[in-house]
>>> print(open('start.cif').read())   # mmCIF, C-alpha atoms and all ligand atoms
data_model
loop_
_atom_site.label_atom_id
_atom_site.label_comp_id
_atom_site.auth_asym_id
_atom_site.auth_seq_id
_atom_site.Cartn_x
_atom_site.Cartn_y
_atom_site.Cartn_z
CA MET A 1 187.75 -132.82 -8.56
CA LYS A 2 187.33 -133.15 -12.36
CA PRO A 3 183.71 -133.32 -13.52
CA ASP A 4 184.03 -136.87 -14.90
CA THR A 5 185.11 -138.18 -11.52
CA ASP A 6 182.96 -135.83 -9.46
CA GLY A 7 180.02 -137.81 -8.08
CA ASN A 8 178.08 -134.65 -7.29
CA GLN A 9 178.48 -133.39 -10.85
CA GLN A 10 177.42 -136.75 -12.28
CA LEU A 11 174.34 -136.91 -10.08
CA PHE A 12 173.47 -133.29 -10.84
CA GLN A 13 173.58 -133.98 -14.59
CA ARG A 14 171.43 -137.08 -14.16
CA ALA A 15 169.01 -135.23 -11.87
CA GLN A 16 168.56 -132.35 -14.30
CA LYS A 17 167.19 -134.76 -16.92
CA VAL A 18 164.37 -135.97 -14.70
CA ILE A 19 163.73 -133.27 -12.07
CA PRO A 20 163.30 -129.57 -12.98
CA GLY A 21 166.64 -127.95 -12.20
CA GLY A 22 167.78 -131.23 -10.69
CA VAL A 23 166.27 -130.40 -7.30
CA ASN A 24 163.00 -130.69 -5.42
CA SER A 25 163.31 -127.26 -3.78
CA PRO A 26 164.96 -124.38 -5.65
CA VAL A 27 167.61 -123.14 -3.16
CA ARG A 28 169.29 -126.57 -3.26
CA ALA A 29 170.37 -125.95 -6.86
CA PHE A 30 173.14 -123.48 -5.83
CA LYS A 31 171.82 -121.03 -8.42
CA ALA A 32 172.58 -118.04 -6.20
CA VAL A 33 176.16 -119.07 -5.40
CA GLY A 34 177.13 -120.99 -8.54
CA GLY A 35 178.94 -124.34 -8.60
CA THR A 36 177.63 -127.86 -8.15
CA PRO A 37 175.19 -128.79 -5.38
CA ARG A 38 176.45 -131.44 -2.99
CA PHE A 39 174.40 -134.63 -3.14
CA VAL A 40 174.21 -136.01 0.37
CA LYS A 41 174.87 -139.71 0.90
CA ARG A 42 174.51 -139.89 4.64
CA ALA A 43 174.79 -137.80 7.77
CA GLN A 44 175.71 -138.31 11.39
CA GLY A 45 175.89 -135.82 14.23
CA ALA A 46 177.16 -132.45 12.97
CA TYR A 47 178.37 -133.82 9.63
CA PHE A 48 177.18 -135.09 6.29
CA TRP A 49 179.05 -136.78 3.46
CA ASP A 50 178.54 -136.00 -0.22
CA ALA A 51 178.65 -138.23 -3.31
CA ASN A 52 182.49 -138.07 -3.26
CA ASP A 53 182.56 -139.11 0.40
CA GLN A 54 183.79 -135.65 1.30
CA ARG A 55 182.74 -134.66 4.82
CA TYR A 56 181.06 -131.31 5.62
CA THR A 57 180.27 -129.69 8.93
CA ASP A 58 176.58 -128.95 8.51
CA TYR A 59 175.32 -125.47 9.48
CA ILE A 60 171.98 -125.93 7.70
CA GLY A 61 170.60 -128.98 9.46
CA SER A 62 167.89 -129.48 6.83
CA TRP A 63 167.09 -125.73 7.19
CA GLY A 64 166.48 -126.04 10.90
CA PRO A 65 164.84 -129.32 11.88
CA MET A 66 168.02 -131.20 12.84
CA ILE A 67 168.50 -129.37 16.14
CA LEU A 68 169.88 -132.52 17.79
CA GLY A 69 172.23 -133.21 14.90
CA HIS A 70 171.75 -136.14 12.53
CA GLY A 71 170.97 -139.65 13.73
CA HIS A 72 170.40 -138.89 17.41
CA PRO A 73 170.10 -142.36 19.03
CA ALA A 74 166.87 -141.67 20.97
CA VAL A 75 165.19 -140.30 17.85
CA VAL A 76 166.39 -143.12 15.61
CA GLU A 77 165.10 -145.65 18.13
CA ALA A 78 161.68 -143.98 18.34
CA VAL A 79 161.38 -143.87 14.55
CA GLN A 80 162.46 -147.50 14.11
CA LYS A 81 159.92 -148.62 16.68
CA ALA A 82 157.16 -146.56 15.06
CA CYS A 83 157.96 -147.98 11.61
CA LEU A 84 157.39 -151.51 12.85
CA GLU A 85 153.99 -150.51 14.20
CA GLY A 86 152.80 -149.12 10.87
CA PHE A 87 153.44 -146.21 8.50
CA SER A 88 150.04 -144.60 8.24
CA PHE A 89 146.49 -145.42 9.24
CA GLY A 90 144.22 -142.53 8.29
CA ALA A 91 142.71 -142.91 11.76
CA PRO A 92 143.66 -141.18 15.01
CA THR A 93 146.52 -142.39 17.22
CA GLU A 94 147.65 -141.79 20.80
CA ARG A 95 150.94 -140.36 19.57
CA GLU A 96 149.19 -137.39 17.90
CA VAL A 97 147.57 -136.57 21.23
CA GLU A 98 150.92 -136.87 23.00
CA LEU A 99 152.64 -134.58 20.51
CA ALA A 100 149.82 -132.03 20.72
CA GLU A 101 150.05 -132.09 24.54
CA GLU A 102 153.81 -131.73 24.41
CA ILE A 103 153.65 -128.71 22.05
CA LEU A 104 150.88 -126.99 24.03
CA SER A 105 152.78 -127.44 27.29
CA LEU A 106 155.66 -125.43 25.82
CA VAL A 107 153.74 -122.73 23.93
CA PRO A 108 151.24 -121.19 26.33
CA SER A 109 149.57 -118.96 23.70
CA MET A 110 148.05 -122.11 22.14
CA ASP A 111 145.11 -123.98 23.67
CA MET A 112 144.69 -126.31 20.71
CA VAL A 113 146.79 -127.37 17.77
CA ARG A 114 146.22 -129.15 14.47
CA LEU A 115 148.98 -131.24 12.91
CA VAL A 116 149.74 -131.10 9.18
CA SER A 117 152.63 -132.18 6.96
CA SER A 118 154.50 -129.04 5.87
CA GLY A 119 155.06 -125.45 6.91
CA THR A 120 153.41 -124.29 3.70
CA GLU A 121 150.30 -126.26 4.52
CA ALA A 122 150.26 -124.94 8.09
CA GLY A 123 150.66 -121.30 7.00
CA MET A 124 148.01 -121.62 4.29
CA SER A 125 145.59 -123.21 6.77
CA ALA A 126 146.29 -120.54 9.40
CA ILE A 127 145.31 -117.83 6.92
CA ARG A 128 142.10 -119.63 5.99
CA LEU A 129 141.34 -120.01 9.69
CA ALA A 130 142.01 -116.31 10.35
CA ARG A 131 139.75 -115.32 7.46
CA GLY A 132 137.05 -117.77 8.55
CA ALA A 133 137.19 -116.71 12.19
CA THR A 134 137.08 -112.96 11.47
CA GLY A 135 134.87 -113.02 8.39
CA ARG A 136 137.40 -110.70 6.70
CA SER A 137 139.42 -111.18 3.51
CA LYS A 138 142.51 -109.00 3.68
CA ILE A 139 145.83 -110.11 5.08
CA LEU A 140 149.01 -108.21 5.82
CA LYS A 141 152.54 -109.57 5.51
CA PHE A 142 156.04 -108.10 5.47
CA GLU A 143 158.62 -107.96 2.72
CA GLY A 144 161.32 -110.61 3.16
CA CYS A 145 159.19 -112.88 5.35
CA TYR A 146 158.55 -116.30 3.82
CA HIS A 147 155.46 -118.19 4.89
CA GLY A 148 155.60 -121.09 2.46
CA HIS A 149 154.48 -121.11 -1.15
CA ALA A 150 150.69 -120.81 -0.86
CA ASP A 151 149.37 -118.61 -3.69
CA ALA A 152 148.13 -115.72 -1.54
CA LEU A 153 151.57 -115.40 0.11
CA LEU A 154 153.76 -115.25 -3.00
CA VAL A 155 153.52 -111.49 -3.12
CA LYS A 156 155.71 -108.44 -3.25
CA ALA A 157 154.76 -104.92 -2.27
CA GLY A 158 152.49 -102.87 -4.50
CA SER A 159 153.27 -99.28 -5.42
CA GLY A 160 151.83 -97.77 -2.24
CA LEU A 161 149.95 -98.53 0.93
CA ALA A 162 146.64 -98.18 -0.83
CA THR A 163 147.52 -100.83 -3.41
CA PHE A 164 147.75 -104.50 -2.65
CA GLY A 165 150.51 -106.85 -3.72
CA HIS A 166 151.79 -108.26 -6.99
CA ALA A 167 152.41 -111.99 -7.41
CA THR A 168 156.08 -113.00 -7.30
CA SER A 169 155.43 -116.25 -9.14
CA ALA A 170 153.92 -117.07 -12.49
CA GLY A 171 150.75 -119.06 -12.11
CA VAL A 172 149.32 -116.88 -9.36
CA PRO A 173 146.40 -114.83 -10.72
CA ALA A 174 146.26 -111.17 -9.68
CA GLU A 175 142.82 -111.85 -8.16
CA VAL A 176 144.38 -114.29 -5.71
CA VAL A 177 146.85 -111.78 -4.25
CA GLN A 178 144.58 -108.75 -4.42
CA HIS A 179 143.80 -109.13 -0.72
CA THR A 180 147.42 -109.38 0.40
CA LEU A 181 149.10 -106.19 1.61
CA VAL A 182 152.91 -106.19 1.87
CA LEU A 183 154.76 -103.74 4.11
CA GLU A 184 158.38 -103.09 5.02
CA TYR A 185 159.59 -105.07 8.05
CA ASN A 186 160.31 -102.98 11.15
CA ASN A 187 158.60 -99.89 9.72
CA VAL A 188 156.19 -98.67 12.43
CA GLN A 189 154.98 -95.67 10.45
CA GLN A 190 153.93 -97.76 7.43
CA LEU A 191 152.21 -100.19 9.74
CA GLU A 192 150.16 -97.43 11.36
CA GLU A 193 149.23 -95.94 8.01
CA ALA A 194 148.17 -99.33 6.65
CA PHE A 195 145.98 -100.01 9.68
CA GLY A 196 144.50 -96.53 9.29
CA LEU A 197 143.50 -97.38 5.72
CA HIS A 198 142.61 -101.07 5.99
CA GLY A 199 142.40 -101.99 9.70
CA LYS A 200 138.69 -102.85 9.63
CA GLU A 201 139.15 -105.26 6.71
CA LEU A 202 142.19 -107.14 7.98
CA ALA A 203 141.76 -110.79 8.94
CA CYS A 204 145.33 -111.09 10.14
CA VAL A 205 148.88 -109.82 10.23
CA MET A 206 151.40 -112.59 9.57
CA ILE A 207 155.02 -112.24 10.59
CA GLU A 208 158.25 -114.14 11.02
CA PRO A 209 159.09 -112.72 14.48
CA ILE A 210 162.78 -113.30 13.87
CA ALA A 211 162.95 -113.46 10.11
CA GLY A 212 165.14 -116.32 8.89
CA ASN A 213 164.28 -116.06 5.23
CA MET A 214 166.10 -112.74 4.81
CA ASN A 215 169.18 -114.10 6.59
CA PHE A 216 168.51 -113.13 10.24
CA VAL A 217 166.54 -109.98 11.03
CA ARG A 218 164.71 -109.42 14.30
CA ALA A 219 161.45 -107.54 14.57
CA SER A 220 162.35 -104.60 16.82
CA LEU A 221 160.53 -104.42 20.15
CA PRO A 222 158.60 -101.22 19.31
CA PHE A 223 157.57 -102.71 15.97
CA MET A 224 156.43 -105.97 17.54
CA GLN A 225 154.57 -104.16 20.28
CA ARG A 226 152.82 -101.91 17.78
CA CYS A 227 151.81 -104.92 15.64
CA ARG A 228 150.23 -106.48 18.70
CA GLU A 229 148.42 -103.30 19.78
CA LEU A 230 147.05 -102.54 16.32
CA CYS A 231 145.84 -106.11 15.79
CA THR A 232 144.03 -106.07 19.13
CA GLN A 233 142.54 -102.65 18.50
CA HIS A 234 141.26 -103.59 15.02
CA ARG A 235 140.33 -107.19 15.90
CA ALA A 236 142.75 -108.64 13.38
CA LEU A 237 144.49 -111.87 14.39
CA PHE A 238 148.24 -111.70 14.92
CA VAL A 239 149.81 -114.79 13.32
CA PHE A 240 153.33 -115.78 14.32
CA ASP A 241 155.00 -117.90 11.69
CA GLU A 242 157.40 -119.85 13.88
CA VAL A 243 158.03 -122.62 11.37
CA MET A 244 161.71 -121.76 11.60
CA THR A 245 162.01 -120.12 15.03
CA GLY A 246 159.73 -122.58 16.86
CA PHE A 247 161.83 -124.56 19.38
CA ARG A 248 164.87 -123.31 17.48
CA VAL A 249 165.54 -119.97 19.19
CA GLY A 250 164.46 -121.22 22.62
CA LEU A 251 162.24 -123.72 24.43
CA HIS A 252 159.30 -121.29 24.25
CA SER A 253 160.09 -120.22 20.69
CA ALA A 254 160.34 -116.61 19.49
CA GLN A 255 157.13 -115.65 21.30
CA GLY A 256 158.90 -116.64 24.53
CA VAL A 257 161.78 -114.31 23.62
CA TYR A 258 159.38 -111.38 23.00
CA ALA A 259 157.26 -112.19 26.08
CA LYS A 260 160.37 -111.69 28.21
CA ALA A 261 160.72 -108.12 26.92
CA ILE A 262 157.01 -107.26 26.53
CA PRO A 263 155.04 -108.50 29.57
CA GLY A 264 151.94 -110.50 28.63
CA PHE A 265 152.90 -110.62 24.97
CA ALA A 266 151.37 -113.42 22.89
CA PRO A 267 150.29 -113.98 19.28
CA ASP A 268 146.78 -115.21 18.42
CA ILE A 269 147.80 -118.01 16.06
CA THR A 270 151.16 -119.79 15.88
CA VAL A 271 152.47 -121.73 12.91
CA LEU A 272 155.10 -124.41 13.57
CA GLY A 273 157.14 -126.83 11.46
CA LYS A 274 160.78 -127.83 11.01
CA VAL A 275 161.98 -128.71 14.58
CA ILE A 276 158.63 -130.22 15.66
CA GLY A 277 159.10 -132.94 13.05
CA GLY A 278 162.76 -133.55 13.87
CA GLY A 279 163.45 -134.02 10.13
CA MET A 280 160.18 -135.75 9.19
CA PRO A 281 157.34 -134.05 7.28
CA LEU A 282 155.37 -132.52 10.14
CA ALA A 283 154.04 -129.05 10.88
CA ALA A 284 151.23 -127.52 12.92
CA PHE A 285 149.17 -124.46 13.62
CA GLY A 286 147.38 -123.56 16.80
CA GLY A 287 145.89 -120.85 18.93
CA LYS A 288 143.12 -119.98 21.34
CA ARG A 289 140.29 -122.48 21.73
CA ALA A 290 137.59 -120.17 20.34
CA VAL A 291 139.58 -119.66 17.14
CA MET A 292 140.66 -123.29 16.73
CA GLU A 293 137.09 -124.52 17.21
CA GLN A 294 136.24 -122.81 13.92
CA LEU A 295 138.03 -125.70 12.19
CA ALA A 296 136.22 -128.71 10.70
CA PRO A 297 134.79 -130.96 12.05
CA LEU A 298 133.72 -128.52 14.80
CA GLY A 299 133.39 -125.39 12.72
CA PRO A 300 132.93 -124.11 9.17
CA VAL A 301 136.63 -123.73 8.17
CA TYR A 302 137.64 -126.79 6.16
CA GLN A 303 141.08 -128.33 6.59
CA ALA A 304 142.25 -131.94 6.17
CA GLY A 305 145.16 -134.26 5.29
CA THR A 306 145.62 -137.95 4.45
CA LEU A 307 149.03 -138.06 6.14
CA SER A 308 148.37 -135.42 8.84
CA GLY A 309 149.69 -136.52 12.23
CA ASN A 310 151.56 -139.36 10.56
CA PRO A 311 152.59 -141.96 13.18
CA VAL A 312 156.25 -142.14 12.13
CA ALA A 313 156.60 -138.35 11.84
CA THR A 314 154.96 -137.78 15.23
CA ALA A 315 157.30 -140.35 16.82
CA CYS A 316 160.27 -138.45 15.41
CA GLY A 317 158.90 -135.09 16.56
CA LEU A 318 158.03 -136.34 20.04
CA ALA A 319 161.46 -137.89 20.58
CA THR A 320 163.06 -134.61 19.42
CA LEU A 321 160.95 -132.43 21.73
CA ARG A 322 161.74 -134.70 24.68
CA GLU A 323 165.45 -134.15 24.14
CA ILE A 324 165.27 -130.37 23.73
CA ARG A 325 163.28 -129.85 26.91
CA LYS A 326 166.03 -131.36 29.03
CA PRO A 327 167.55 -128.79 31.44
CA GLY A 328 170.35 -126.68 30.00
CA PHE A 329 169.75 -127.70 26.38
CA TYR A 330 169.21 -124.19 25.00
CA GLU A 331 171.86 -122.58 27.19
CA GLU A 332 174.47 -124.89 25.70
CA LEU A 333 173.11 -124.47 22.15
CA ALA A 334 173.14 -120.66 22.49
CA ARG A 335 176.64 -120.72 23.98
CA LYS A 336 177.98 -122.58 20.95
CA THR A 337 176.09 -120.41 18.48
CA GLN A 338 177.46 -117.26 20.10
CA LYS A 339 180.94 -118.75 20.15
CA LEU A 340 180.76 -119.43 16.41
CA MET A 341 179.46 -115.91 15.71
CA ALA A 342 182.16 -114.30 17.87
CA GLY A 343 184.78 -116.44 16.13
CA LEU A 344 183.61 -115.46 12.64
CA LYS A 345 183.43 -111.81 13.66
CA GLY A 346 186.98 -111.99 15.04
CA ALA A 347 188.25 -113.61 11.83
CA ALA A 348 186.53 -110.96 9.70
CA ASP A 349 187.95 -108.14 11.83
CA GLN A 350 191.43 -109.63 11.46
CA ALA A 351 191.03 -109.67 7.68
CA GLY A 352 189.56 -106.15 7.66
CA VAL A 353 186.22 -107.36 6.27
CA PRO A 354 183.09 -105.43 7.36
CA PHE A 355 180.99 -107.97 9.22
CA SER A 356 178.10 -108.14 11.66
CA VAL A 357 176.45 -111.07 13.42
CA ASP A 358 173.34 -111.90 15.40
CA SER A 359 171.89 -115.06 16.88
CA GLU A 360 169.19 -116.41 19.17
CA GLY A 361 169.37 -119.91 20.59
CA GLY A 362 170.51 -122.19 17.77
CA MET A 363 169.74 -119.83 14.87
CA PHE A 364 172.18 -117.28 13.49
CA GLY A 365 172.91 -114.81 10.74
CA PHE A 366 175.98 -112.95 9.53
CA PHE A 367 176.30 -110.05 7.13
CA LEU A 368 179.07 -108.44 5.10
CA PHE A 369 178.05 -105.08 6.61
CA ASP A 370 179.32 -103.10 9.60
CA THR A 371 175.84 -102.91 11.10
CA LEU A 372 172.89 -105.29 11.20
CA PRO A 373 170.21 -104.65 8.56
CA GLN A 374 166.62 -104.04 9.67
CA ASN A 375 164.71 -104.99 6.53
CA TYR A 376 164.79 -106.96 3.29
CA ALA A 377 165.84 -104.11 1.01
CA LYS A 378 168.98 -103.59 3.09
CA VAL A 379 169.80 -107.31 3.28
CA MET A 380 169.57 -107.50 -0.51
CA THR A 381 172.21 -104.80 -0.96
CA THR A 382 174.79 -107.42 0.14
CA ASP A 383 177.52 -107.83 -2.46
CA ASN A 384 176.56 -111.19 -3.90
CA LYS A 385 180.01 -111.89 -5.30
CA ARG A 386 181.72 -111.34 -1.98
CA PHE A 387 179.19 -113.53 -0.21
CA ASN A 388 179.66 -116.28 -2.80
CA THR A 389 183.44 -116.11 -2.49
CA PHE A 390 183.14 -116.60 1.25
CA PHE A 391 180.58 -119.38 0.80
CA HIS A 392 182.77 -121.34 -1.65
CA GLY A 393 185.88 -120.69 0.42
CA MET A 394 184.19 -122.40 3.34
CA LEU A 395 182.59 -125.14 1.25
CA GLU A 396 185.91 -126.16 -0.28
CA LYS A 397 187.28 -126.64 3.24
CA GLY A 398 184.27 -128.75 4.25
CA PHE A 399 182.01 -126.22 6.02
CA TYR A 400 178.49 -126.05 4.67
CA PHE A 401 176.64 -122.78 5.21
CA ALA A 402 173.42 -121.77 3.46
CA PRO A 403 174.00 -121.40 -0.30
CA ALA A 404 172.30 -117.99 -0.48
CA LEU A 405 172.92 -114.73 1.36
CA TYR A 406 169.27 -114.39 2.40
CA GLU A 407 169.15 -117.58 4.47
CA ALA A 408 169.82 -118.08 8.19
CA GLY A 409 172.21 -120.66 9.67
CA PHE A 410 171.70 -123.33 12.31
CA MET A 411 173.72 -124.85 15.14
CA SER A 412 172.94 -128.32 16.50
CA ALA A 413 173.50 -130.04 19.82
CA ALA A 414 175.97 -132.35 18.04
CA HIS A 415 178.42 -129.57 17.08
CA THR A 416 181.46 -129.51 19.37
CA ASP A 417 183.78 -126.71 20.41
CA ASP A 418 186.39 -128.36 18.17
CA ASP A 419 184.00 -128.13 15.19
CA ILE A 420 183.54 -124.44 15.92
CA ALA A 421 187.28 -123.81 16.26
CA ALA A 422 187.89 -125.58 12.93
CA THR A 423 185.16 -123.49 11.29
CA VAL A 424 186.67 -120.25 12.56
CA ALA A 425 190.14 -121.30 11.37
CA ALA A 426 188.74 -121.99 7.88
CA ALA A 427 186.95 -118.62 7.94
CA GLN A 428 190.26 -116.83 8.57
CA ASP A 429 191.42 -118.09 5.18
CA ALA A 430 188.07 -117.59 3.46
CA PHE A 431 187.93 -113.93 4.50
CA LYS A 432 191.35 -113.35 2.93
CA LEU A 433 189.83 -114.39 -0.41
CA LEU A 434 187.50 -111.40 -0.24
CA HIS A 435 190.53 -109.17 -0.79
CA SER A 436 192.36 -111.06 -3.49
CA LYS A 437 190.39 -113.54 -5.59
CA PRO A 438 187.72 -112.41 -8.01
CA SER A 439 184.73 -114.48 -7.07
CA TYR A 440 182.47 -117.10 -8.56
C1 LIG B 501 160.42 -123.22 6.05
C2 LIG B 501 159.42 -122.19 6.32
C3 LIG B 501 158.10 -122.29 5.85
C4 LIG B 501 157.66 -123.37 4.89
O1 LIG B 501 157.74 -124.64 5.45
P1 LIG B 501 157.81 -125.91 4.45
O2 LIG B 501 157.79 -127.08 5.38
O3 LIG B 501 159.06 -125.75 3.66
O4 LIG B 501 156.60 -125.84 3.58
C5 LIG B 501 157.18 -121.35 6.25
N1 LIG B 501 157.54 -120.33 7.06
C6 LIG B 501 158.79 -120.20 7.51
C7 LIG B 501 159.12 -119.07 8.43
C8 LIG B 501 159.77 -121.10 7.14
O5 LIG B 501 161.04 -120.93 7.56
#
>>> encode(input="start.cif", output="structure tokens")
Amino acid sequence: MKPDTDGNQQLFQRAQKVIPGGVNSPVRAFKAVGGTPRFVKRAQGAYFWDANDQRYTDYIGSWGPMILGHGHPAVVEAVQKACLEGFSFGAPTEREVELAEEILSLVPSMDMVRLVSSGTEAGMSAIRLARGATGRSKILKFEGCYHGHADALLVKAGSGLATFGHATSAGVPAEVVQHTLVLEYNNVQQLEEAFGLHGKELACVMIEPIAGNMNFVRASLPFMQRCRELCTQHRALFVFDEVMTGFRVGLHSAQGVYAKAIPGFAPDITVLGKVIGGGMPLAAFGGKRAVMEQLAPLGPVYQAGTLSGNPVATACGLATLREIRKPGFYEELARKTQKLMAGLKGAADQAGVPFSVDSEGGMFGFFLFDTLPQNYAKVMTTDNKRFNTFFHGMLEKGFYFAPALYEAGFMSAAHTDDDIAATVAAAQDAFKLLHSKPSY
């Protein structure tokens, strides 16, 4: 479509005058892939429609929350009812208690949970809690894991294990990240060395158990097991950031997946978001009673929020959780996700394109490599141009995958086998472009 008749282009130009980069979260700007972001008018089920009324099959689902698809009738009804009862009170409600009970019944490592409004807020609060509960300052994270944009977490690795991180954003003073150590994901040796040097000072180790912010990379079992052992041994808290994986990879989240392989496995603190709000601003963090009781008003660790536990958001989250706990929900979701991955792999093989896939529940990743990468550095060796050619090839046919090679993808309950077949058929053509057309 020509720019003067392209509604997306018109909106993007207008947006750029009043919003930095035209977007309220950077990845939406399509900077990594080039081209014009699609401005969404409305969505239903597995689809959304852009400003030109072009339909897309949605494999982002708001970056994970829309696990039921858009506009699920039971969720819409719950939200409409809640709206009529009031938007926000700044006083406790029964629905917050119900949602807390529902979450705790599905995540046995948590005895108590506090509700907040975004994953960033939950992750930031979890770190403060870990520091307050242990009386220690240092934290350890892994390269390629995203835990929201709190200052102390916007860090890349320093020059060695003895040096702490460097800020990855302007506006973050060096003093603020001087306590954050950044290690390579899935590197057991580095982990052991770091604990040897700093174990006694560590408040917590924070991890995305299945990392979805470097496409899709699993923590290996030996790595996960070693993290757990070293945390226990050194009395550091093990914090699972399940903002993305929580209720996305399975009914018991990623910790349920690891507990199946490592008997008795559990993190100390869990951070949730995305799915638990069903598309509304809602997130949470929780853990063992003794740790959670350190929070105000019971304990000395301050944490608060005007809109925390918002009655409309909790209604949306509750209705979503009640759907996903129905028998067979995750089996069907995983079946479709695997079918899509197998289809894409088959199409890539046919076109002679190196390709590898992985998925868990309704979350997936694919790579333009023969083998699955194990860490961020490897993921980032992806040929950007080839990825972008594939991305735009799919987008032009109406299939919306993440507009950056370091993001995961998401299946919803609303996607049908026909949607998947159509996606695979489009991919057969898109993969051919990787041989011929110079890319974006
Ligand atoms: C999305 C995400 C966050 C941040 O959540 P927001 O609601 O965007 O602040 C934190 N951690 C992980 C693993 C995420 O995927």
>>> closest_atom_pairs(input="start.cif", of="region 32-139 of chain A", to="region 321-339 of chain A", cutoff="9 Å", atoms="all atoms listed in the file", output="JSON lines")
{"residue": "A:Ile67", "atom": "CA", "partner": "A:Ile324", "partner_atom": "CA", "distance": 8.3}
{"residue": "A:Leu68", "atom": "CA", "partner": "A:Ile324", "partner_atom": "CA", "distance": 7.8}
{"residue": "A:Ala74", "atom": "CA", "partner": "A:Glu323", "partner_atom": "CA", "distance": 8.3}
{"residue": "A:Val75", "atom": "CA", "partner": "A:Glu323", "partner_atom": "CA", "distance": 8.8}
{"residue": "A:Leu99", "atom": "CA", "partner": "A:Leu321", "partner_atom": "CA", "distance": 8.7}
{"residue": "A:Glu102", "atom": "CA", "partner": "A:Leu321", "partner_atom": "CA", "distance": 7.7}
{"residue": "A:Ile103", "atom": "CA", "partner": "A:Leu321", "partner_atom": "CA", "distance": 8.2}
{"residue": "A:Leu106", "atom": "CA", "partner": "A:Arg325", "partner_atom": "CA", "distance": 8.9}
>>> residues_near_ligand(input="start.cif", ligand="ligand LIG 501 (chain B)", cutoff="8 Å", atoms="all atoms listed in the file", output="JSON, numbers by chain")
{"A": [63, 117, 118, 119, 120, 121, 122, 123, 145, 146, 147, 148, 149, 208, 211, 212, 213, 241, 242, 243, 244, 245, 271, 273, 274, 281, 282, 283]}
>>> closest_residue(input="start.cif", among="A:Leu197, A:Ala236, A:Val107, A:Ala313", to="Val257 (chain A)", atoms="all atoms listed in the file")
A:Val107
>>> atom_distance(input="start.cif", atom1="CA of Leu181 (chain A)", atom2="CA of Arg136 (chain A)")
13.5 Å
>>> residues_around(input="start.cif", residues="region 345-359 of chain A", least_positions_apart="5", cutoff="8 Å", atoms="all atoms listed in the file", output="PyMOL selection string")
chain A and resi 216+337-338+364-372+424-425+427-428+431-432+434
>>> closest_atom_pairs(input="start.cif", of="region 5-115 of chain A", to="region 294-300 of chain A", cutoff="12 Å", atoms="all atoms listed in the file", output="CSV")
residue,atom,partner,partner_atom,distance
A:Met112,CA,A:Leu295,CA,10.8
A:Val113,CA,A:Leu295,CA,10.5
A:Arg114,CA,A:Leu295,CA,9.2
>>> write_last_selection(input="start.cif", atoms="C-alpha atoms", output="mmCIF file, keeping the file's coordinate frame")
data_model
loop_
_atom_site.group_PDB
_atom_site.id
_atom_site.type_symbol
_atom_site.label_atom_id
_atom_site.label_comp_id
_atom_site.auth_asym_id
_atom_site.auth_seq_id
_atom_site.Cartn_x
_atom_site.Cartn_y
_atom_site.Cartn_z
ATOM 1 C CA MET A 112 144.690 -126.310 20.710
ATOM 2 C CA VAL A 113 146.790 -127.370 17.770
ATOM 3 C CA ARG A 114 146.220 -129.150 14.470
#
>>> residues_around(input="start.cif", residues="Ala174 (chain A)", least_positions_apart="5", cutoff="10 Å", atoms="all atoms listed in the file", output="list in words")
Ala152, Val155, Phe164, Gly165, His166, Ala167 and His179 of chain A
>>> atom_distance(input="start.cif", atom1="CA of Phe390 (chain A)", atom2="CA of Asp429 (chain A)")
9.3 Å
>>> atom_distance(input="start.cif", atom1="CA of Pro173 (chain A)", atom2="CA of Leu129 (chain A)")
21.7 Å
>>> residues_around(input="start.cif", residues="Ala29 (chain A)", least_positions_apart="4", cutoff="12 Å", atoms="all atoms listed in the file", output="list in words")
Asn8, Gln9, Phe12, Gln13, Ala15, Gln16, Ile19, Pro20, Gly21, Gly22, Val23, Asn24, Ser25, Val33, Gly34, Gly35, Thr36, Pro37, Arg38, Phe39, Ala402, Pro403 and Ala404 of chain A
>>> write_last_selection(input="start.cif", atoms="C-alpha atoms", output="PDB file, in the frame of the given file")
ATOM      1  CA  ASN A   8     178.080-134.650  -7.290  1.00  0.00           C
ATOM      2  CA  GLN A   9     178.480-133.390 -10.850  1.00  0.00           C
ATOM      3  CA  PHE A  12     173.470-133.290 -10.840  1.00  0.00           C
ATOM      4  CA  GLN A  13     173.580-133.980 -14.590  1.00  0.00           C
ATOM      5  CA  ALA A  15     169.010-135.230 -11.870  1.00  0.00           C
ATOM      6  CA  GLN A  16     168.560-132.350 -14.300  1.00  0.00           C
ATOM      7  CA  ILE A  19     163.730-133.270 -12.070  1.00  0.00           C
ATOM      8  CA  PRO A  20     163.300-129.570 -12.980  1.00  0.00           C
ATOM      9  CA  GLY A  21     166.640-127.950 -12.200  1.00  0.00           C
ATOM     10  CA  GLY A  22     167.780-131.230 -10.690  1.00  0.00           C
ATOM     11  CA  VAL A  23     166.270-130.400  -7.300  1.00  0.00           C
ATOM     12  CA  ASN A  24     163.000-130.690  -5.420  1.00  0.00           C
ATOM     13  CA  SER A  25     163.310-127.260  -3.780  1.00  0.00           C
ATOM     14  CA  VAL A  33     176.160-119.070  -5.400  1.00  0.00           C
ATOM     15  CA  GLY A  34     177.130-120.990  -8.540  1.00  0.00           C
ATOM     16  CA  GLY A  35     178.940-124.340  -8.600  1.00  0.00           C
ATOM     17  CA  THR A  36     177.630-127.860  -8.150  1.00  0.00           C
ATOM     18  CA  PRO A  37     175.190-128.790  -5.380  1.00  0.00           C
ATOM     19  CA  ARG A  38     176.450-131.440  -2.990  1.00  0.00           C
ATOM     20  CA  PHE A  39     174.400-134.630  -3.140  1.00  0.00           C
ATOM     21  CA  ALA A 402     173.420-121.770   3.460  1.00  0.00           C
ATOM     22  CA  PRO A 403     174.000-121.400  -0.300  1.00  0.00           C
ATOM     23  CA  ALA A 404     172.300-117.990  -0.480  1.00  0.00           C
TER      24      ALA A 404
END
